[in-house]
$ cat upload.tsv   # TSV, C-alpha atoms
chain	number	residue	atom	x	y	z
A	1	MET	CA	0.00	0.00	0.00
A	2	PRO	CA	1.33	3.49	-0.85
A	3	GLN	CA	2.19	5.56	2.19
A	4	PRO	CA	0.17	8.78	2.72
A	5	ALA	CA	2.03	11.96	1.96
A	6	PRO	CA	3.39	13.74	5.04
A	7	PRO	CA	1.57	16.93	6.08
A	8	ARG	CA	2.84	20.07	4.39
A	9	LEU	CA	4.94	22.58	6.28
A	10	THR	CA	3.03	25.85	6.67
A	11	ILE	CA	5.35	28.86	6.42
A	12	ALA	CA	5.08	32.60	5.83
A	13	LEU	CA	7.16	33.34	2.73
A	14	ASN	CA	8.65	36.72	1.87
A	15	VAL	CA	8.04	37.17	-1.88
A	16	ALA	CA	8.53	40.94	-1.98
A	17	GLY	CA	10.41	41.88	-5.13
A	18	ARG	CA	10.61	38.28	-6.33
A	19	PRO	CA	9.39	37.27	-9.81
A	20	VAL	CA	6.39	34.91	-9.85
A	21	LEU	CA	4.74	33.41	-12.93
A	22	VAL	CA	1.00	32.71	-13.15
A	23	VAL	CA	-0.10	30.54	-16.07
A	24	GLY	CA	-3.79	31.08	-16.77
A	25	LEU	CA	-5.53	34.26	-15.63
A	26	GLY	CA	-9.04	32.96	-15.13
A	27	PRO	CA	-10.81	33.49	-11.78
A	28	VAL	CA	-8.43	31.21	-9.86
A	29	GLY	CA	-5.35	32.64	-11.54
A	30	ARG	CA	-6.50	36.21	-10.91
A	31	ARG	CA	-7.04	35.48	-7.22
A	32	LYS	CA	-3.56	34.00	-6.91
A	33	ALA	CA	-2.01	36.84	-8.90
A	34	ALA	CA	-3.74	39.43	-6.73
A	35	SER	CA	-2.66	37.74	-3.48
A	36	LEU	CA	0.93	37.42	-4.65
A	37	ALA	CA	1.03	41.02	-5.86
A	38	GLU	CA	-0.42	42.21	-2.54
A	39	ALA	CA	2.52	40.47	-0.85
A	40	GLY	CA	4.91	42.45	-3.05
A	41	ALA	CA	5.76	39.80	-5.64
A	42	LEU	CA	6.54	40.85	-9.22
A	43	VAL	CA	3.80	38.88	-10.94
A	44	SER	CA	3.83	38.01	-14.63
A	45	GLY	CA	0.95	36.25	-16.33
A	46	ILE	CA	0.36	34.09	-19.40
A	47	ASP	CA	-3.06	33.84	-21.00
A	48	PRO	CA	-4.05	33.84	-24.69
A	49	ARG	CA	-7.23	35.86	-24.20
A	50	ASP	CA	-7.31	39.59	-24.90
A	51	ASP	CA	-10.95	40.54	-25.40
A	52	PRO	CA	-12.20	43.70	-23.64
A	53	ALA	CA	-14.24	41.81	-21.03
A	54	PHE	CA	-11.23	39.71	-20.05
A	55	VAL	CA	-8.92	42.73	-19.90
A	56	ALA	CA	-11.44	44.45	-17.63
A	57	GLU	CA	-11.25	41.48	-15.26
A	58	LEU	CA	-7.50	42.06	-14.94
A	59	ALA	CA	-7.96	45.67	-13.86
A	60	GLY	CA	-6.49	46.27	-10.43
A	61	ILE	CA	-3.96	43.41	-10.64
A	62	PRO	CA	-0.51	44.99	-11.06
A	63	LEU	CA	1.10	42.57	-13.50
A	64	ALA	CA	4.77	43.19	-14.18
A	65	ARG	CA	4.30	41.52	-17.60
A	66	ARG	CA	1.44	39.89	-19.46
A	67	TRP	CA	2.09	37.50	-22.30
A	68	ILE	CA	-0.94	37.22	-24.57
A	69	GLU	CA	-0.30	33.72	-25.85
A	70	PRO	CA	-0.80	30.04	-24.97
A	71	TYR	CA	1.61	28.55	-22.47
A	72	ARG	CA	4.98	27.51	-23.85
A	73	ALA	CA	7.97	26.15	-22.00
A	74	GLU	CA	10.29	28.94	-23.14
A	75	ARG	CA	8.55	31.30	-20.73
A	76	LEU	CA	9.84	29.22	-17.84
A	77	ASP	CA	13.34	30.27	-18.88
A	78	ALA	CA	12.48	33.95	-19.24
A	79	GLU	CA	13.19	34.73	-15.58
A	80	ALA	CA	14.59	33.16	-12.43
A	81	TRP	CA	11.09	32.53	-11.14
A	82	ALA	CA	10.68	32.26	-7.38
A	83	LEU	CA	7.32	30.48	-7.75
A	84	VAL	CA	5.07	29.26	-10.56
A	85	ALA	CA	1.27	29.07	-10.21
A	86	LEU	CA	-0.56	26.94	-12.78
A	87	CYS	CA	-4.21	27.90	-13.18
A	88	ALA	CA	-4.78	26.92	-16.83
A	89	PRO	CA	-6.83	23.93	-18.10
A	90	GLU	CA	-5.78	20.61	-16.58
A	91	GLU	CA	-3.90	19.29	-19.59
A	92	VAL	CA	-1.85	22.50	-19.80
A	93	ASN	CA	-1.15	22.45	-16.07
A	94	ARG	CA	0.08	18.85	-16.23
A	95	ILE	CA	2.57	19.62	-19.00
A	96	ALA	CA	3.70	22.89	-17.42
A	97	ALA	CA	4.10	21.29	-13.98
A	98	ALA	CA	6.41	18.61	-15.33
A	99	GLU	CA	8.46	21.11	-17.32
A	100	ALA	CA	8.73	23.55	-14.40
A	101	GLN	CA	9.63	20.92	-11.84
A	102	ASN	CA	12.27	19.51	-14.19
A	103	ARG	CA	13.83	22.96	-14.03
A	104	GLY	CA	13.79	22.92	-10.22
A	105	LEU	CA	10.97	25.48	-9.97
A	106	TRP	CA	8.42	25.40	-7.16
A	107	VAL	CA	4.97	24.84	-8.63
A	108	ALA	CA	1.38	25.18	-7.41
A	109	THR	CA	-1.08	23.52	-9.77
A	110	ALA	CA	-4.76	24.30	-9.21
A	111	SER	CA	-6.07	21.21	-11.00
A	112	GLU	CA	-3.81	18.70	-9.18
A	113	PRO	CA	-2.93	20.14	-5.77
A	114	GLU	CA	-1.35	16.85	-4.70
A	115	ARG	CA	1.41	17.53	-7.26
A	116	SER	CA	2.03	21.03	-5.92
A	117	ASP	CA	5.22	22.11	-4.18
A	118	TRP	CA	3.40	25.00	-2.52
A	119	ILE	CA	-0.22	25.88	-1.80
A	120	LEU	CA	-1.57	29.34	-1.09
A	121	PRO	CA	-3.80	29.02	1.99
A	122	ALA	CA	-6.96	30.97	2.69
A	123	ARG	CA	-5.92	34.05	4.66
A	124	GLN	CA	-7.45	36.77	6.81
A	125	ARG	CA	-5.60	39.82	8.11
A	126	LEU	CA	-6.12	40.40	11.83
A	127	GLY	CA	-6.80	43.88	13.17
A	128	ASN	CA	-4.19	46.60	12.92
A	129	SER	CA	-1.23	44.24	13.17
A	130	ARG	CA	0.74	42.48	10.47
A	131	ALA	CA	-0.62	39.16	11.72
A	132	THR	CA	-2.50	36.90	9.33
A	133	LEU	CA	-4.69	33.92	10.09
A	134	ALA	CA	-4.21	31.19	7.47
A	135	LEU	CA	-5.95	27.89	6.85
A	136	SER	CA	-5.08	25.28	4.26
A	137	THR	CA	-6.92	22.11	3.33
A	138	GLU	CA	-3.91	21.20	1.12
A	139	GLY	CA	-6.08	21.71	-1.94
A	140	ALA	CA	-8.96	19.49	-0.81
A	141	GLY	CA	-11.44	22.34	-0.35
A	142	PRO	CA	-10.25	25.89	-1.08
A	143	ALA	CA	-13.74	27.40	-0.79
A	144	LEU	CA	-14.28	25.66	2.54
A	145	ALA	CA	-10.92	26.90	3.79
A	146	ALA	CA	-11.90	30.47	2.90
A	147	ALA	CA	-15.23	30.17	4.70
A	148	LEU	CA	-13.69	28.61	7.81
A	149	VAL	CA	-10.87	31.12	8.06
A	150	ARG	CA	-13.43	33.95	7.98
A	151	ARG	CA	-15.37	32.32	10.82
A	152	ALA	CA	-12.19	31.74	12.81
A	153	ALA	CA	-11.18	35.39	12.35
A	154	GLU	CA	-14.57	36.51	13.65
A	155	ALA	CA	-14.18	34.25	16.69
A	156	ILE	CA	-10.84	35.77	17.72
A	157	GLN	CA	-11.78	39.36	16.80
A	158	PRO	CA	-11.68	40.58	20.45
A	159	TRP	CA	-7.92	39.93	20.47
A	160	ASN	CA	-7.02	41.22	17.00
A	161	ASP	CA	-5.56	44.50	18.23
A	162	TRP	CA	-3.88	42.76	21.16
A	163	ILE	CA	-1.48	41.17	18.66
A	164	ALA	CA	0.02	44.57	17.81
A	165	ALA	CA	-0.05	45.67	21.46
A	166	ALA	CA	1.72	42.50	22.60
A	167	GLY	CA	4.38	43.12	19.95
A	168	ARG	CA	5.01	46.60	21.32
A	169	LEU	CA	5.16	45.33	24.89
A	170	ARG	CA	7.53	42.52	23.96
A	171	ALA	CA	9.92	45.07	22.42
A	172	GLU	CA	9.71	47.22	25.56
A	173	ALA	CA	10.34	44.18	27.77
A	174	ARG	CA	13.61	43.52	25.95
A	175	ALA	CA	14.75	47.02	26.94
A	176	THR	CA	13.39	46.77	30.48
A	177	ILE	CA	13.86	43.30	32.00
A	178	ALA	CA	17.53	42.37	32.23
A	179	ASP	CA	17.11	38.77	33.37
A	180	PRO	CA	16.36	36.55	30.33
A	181	ALA	CA	14.29	34.00	32.27
A	182	GLN	CA	12.20	36.70	33.93
A	183	ARG	CA	11.77	38.43	30.59
A	184	ARG	CA	10.58	35.24	28.88
A	185	ALA	CA	8.12	34.57	31.70
A	186	TRP	CA	6.69	38.08	31.55
A	187	VAL	CA	6.35	38.02	27.76
A	188	ALA	CA	4.64	34.62	28.03
A	189	SER	CA	2.14	36.19	30.43
A	190	LEU	CA	0.90	38.38	27.58
A	191	ALA	CA	-0.61	35.23	26.08
A	192	SER	CA	-1.91	33.73	29.32
A	193	GLU	CA	-5.58	32.93	29.78
A	194	PRO	CA	-6.06	35.55	32.53
A	195	ARG	CA	-4.51	38.23	30.31
A	196	LEU	CA	-6.63	37.25	27.31
A	197	GLU	CA	-9.75	37.38	29.48
A	198	GLN	CA	-8.69	40.85	30.63
A	199	VAL	CA	-8.42	41.95	27.01
A	200	ARG	CA	-11.87	40.56	26.24
A	201	ASN	CA	-13.51	42.22	29.25
A	202	GLN	CA	-11.58	45.49	29.61
A	203	GLY	CA	-10.27	46.24	26.12
A	204	VAL	CA	-6.81	46.46	24.61
A	205	SER	CA	-5.94	50.02	25.68
A	206	VAL	CA	-6.68	49.35	29.36
A	207	VAL	CA	-4.73	46.09	29.50
A	208	GLU	CA	-1.81	47.56	27.56
A	209	ALA	CA	-1.60	50.42	30.06
A	210	GLN	CA	-1.65	47.95	32.95
A	211	ALA	CA	1.09	45.87	31.36
A	212	ARG	CA	3.20	48.96	30.77
A	213	GLU	CA	2.83	49.85	34.45
A	214	GLU	CA	4.11	46.36	35.32
A	215	LEU	CA	7.18	47.07	33.17
A	216	ARG	CA	7.69	50.41	34.89
A	217	ARG	CA	7.79	48.65	38.29
A	218	LEU	CA	10.18	46.02	36.97
A	219	ARG	CA	12.56	48.63	35.62
A	220	GLY	CA	13.59	49.97	39.04
A	221	PRO	CA	15.83	47.22	40.46
A	222	LEU	CA	16.95	45.89	37.08
A	223	LEU	CA	19.78	48.25	36.23
A	224	ASN	CA	22.67	47.59	33.88
A	225	ARG	CA	26.14	48.19	35.22
A	226	ASP	CA	28.60	49.85	32.89
A	227	PRO	CA	32.31	48.87	32.86
A	228	LEU	CA	33.15	51.64	35.39
A	229	GLY	CA	30.64	50.25	37.86
A	230	GLU	CA	28.19	53.11	37.50
A	231	SER	CA	24.56	52.12	37.16
A	232	ALA	CA	22.61	53.17	34.11
A	233	SER	CA	18.93	52.55	33.75
A	234	PHE	CA	17.46	50.93	30.68
A	235	PRO	CA	16.00	53.26	28.07
A	236	PRO	CA	12.46	54.41	28.96

$ encode --input "upload.tsv" --output "structure tokens"
Amino acid sequence: MPQPAPPRLTIALNVAGRPVLVVGLGPVGRRKAASLAEAGALVSGIDPRDDPAFVAELAGIPLARRWIEPYRAERLDAEAWALVALCAPEEVNRIAAAEAQNRGLWVATASEPERSDWILPARQRLGNSRATLALSTEGAGPALAAALVRRAAEAIQPWNDWIAAAGRLRAEARATIADPAQRRAWVASLASEPRLEQVRNQGVSVVEAQAREELRRLRGPLLNRDPLGESASFPP
């Protein structure tokens, strides 16, 4: 019996400024192109269509290049592609996937996700932070993943802005608490159940102010000593 494939590793990938190729600019291809462009990728697309209705559908997607032609393997050699997304008809995707993977390129193929090297999960930005909630079904149900990630984002909405606040407090703790073990314990407290309940009941601004007061009290006895033996407090 064939062994099941191991679960995929979920990572956050920096594609800013990196060239990405999307083959097929139908609805799925446009969604992938838009997501990749939003992340800062330099997205190029291949699609033979050029009628006015189709061009209108591309409006708002900042394509670095658009080749108005059927897929051909030479385009795989046109750039040192960081990623390739295949969103064309299945027979085209199958050929392109083999040719791209033979070149060592990382491929996502919409029609055969099990052959993909990478999969773009459903995503939802959280509050005013840079945090993103992501959910992948590894290609088994993209629409379901999108629906579930929206529901999950709604469920954790009370803590969305706490993500950014906790990031600020963590940075301040590094400049305030000299002892590494004490610092780790205090930073961990920002994610404790009592703290999260405080955020839910009292709001982010109140809890952030309380946490900052805790840091102010911790600052007093935790002074750095300079080489001359004179004490110097941590930056405020």

$ residues_around --input "upload.tsv" --residues "range 200-211 of chain A" --least-positions-apart "4" --cutoff "7 Å" --atoms "all atoms listed in the file" --output "list in words"
Pro158, Asp161, Trp162, Ala165, Leu196 and Leu215 of chain A

$ write_last_selection --input "upload.tsv" --atoms "C-alpha atoms" --output "CSV table (one decimal), in the coordinates of the input"
chain,number,residue,atom,x,y,z
A,158,PRO,CA,-11.7,40.6,20.4
A,161,ASP,CA,-5.6,44.5,18.2
A,162,TRP,CA,-3.9,42.8,21.2
A,165,ALA,CA,0.0,45.7,21.5
A,196,LEU,CA,-6.6,37.2,27.3
A,215,LEU,CA,7.2,47.1,33.2

$ residues_around --input "upload.tsv" --residues "Ala143 in chain A" --least-positions-apart "4" --cutoff "9 Å" --atoms "all atoms listed in the file" --output "list in words"
Ala122, Ala147 and Leu148 of chain A

$ residues_around --input "upload.tsv" --residues "range 37-46 of chain A" --least-positions-apart "3" --cutoff "12 Å" --atoms "all atoms listed in the file" --output "PyMOL selection string"
chain A and resi 12-26+29-34+49-50+58+60-76+78-88+92+96+120+123+130+132

$ atom_distance --input "upload.tsv" --atom1 "CA of Arg151 in chain A" --atom2 "CA of Thr10 in chain A"
19.9 Å

$ atom_distance --input "upload.tsv" --atom1 "CA of Arg170 in chain A" --atom2 "CA of Ala153 in chain A"
23.1 Å

$ residues_around --input "upload.tsv" --residues "Gly167 in chain A" --least-positions-apart "6" --cutoff "12 Å" --atoms "all atoms listed in the file" --output "PyMOL selection string"
chain A and resi 128-131+160-161+173-174+187-188+190-191+208

$ closest_residue --input "upload.tsv" --among "A:Pro52, A:Ala108, A:Thr137, A:Ala146" --to "Pro7 in chain A" --atoms "all atoms listed in the file"
A:Thr137

$ closest_residue --input "upload.tsv" --among "A:Leu133, A:Trp118, A:Pro48, A:Pro27" --to "Leu105 in chain A" --atoms "all atoms listed in the file"
A:Trp118

$ atom_distance --input "upload.tsv" --atom1 "CA of Ala171 in chain A" --atom2 "CA of Gln124 in chain A"
24.8 Å

$ closest_residue --input "upload.tsv" --among "A:Ile156, A:Ile163, A:Arg8, A:Glu197" --to "Pro113 in chain A" --atoms "all atoms listed in the file"
A:Arg8
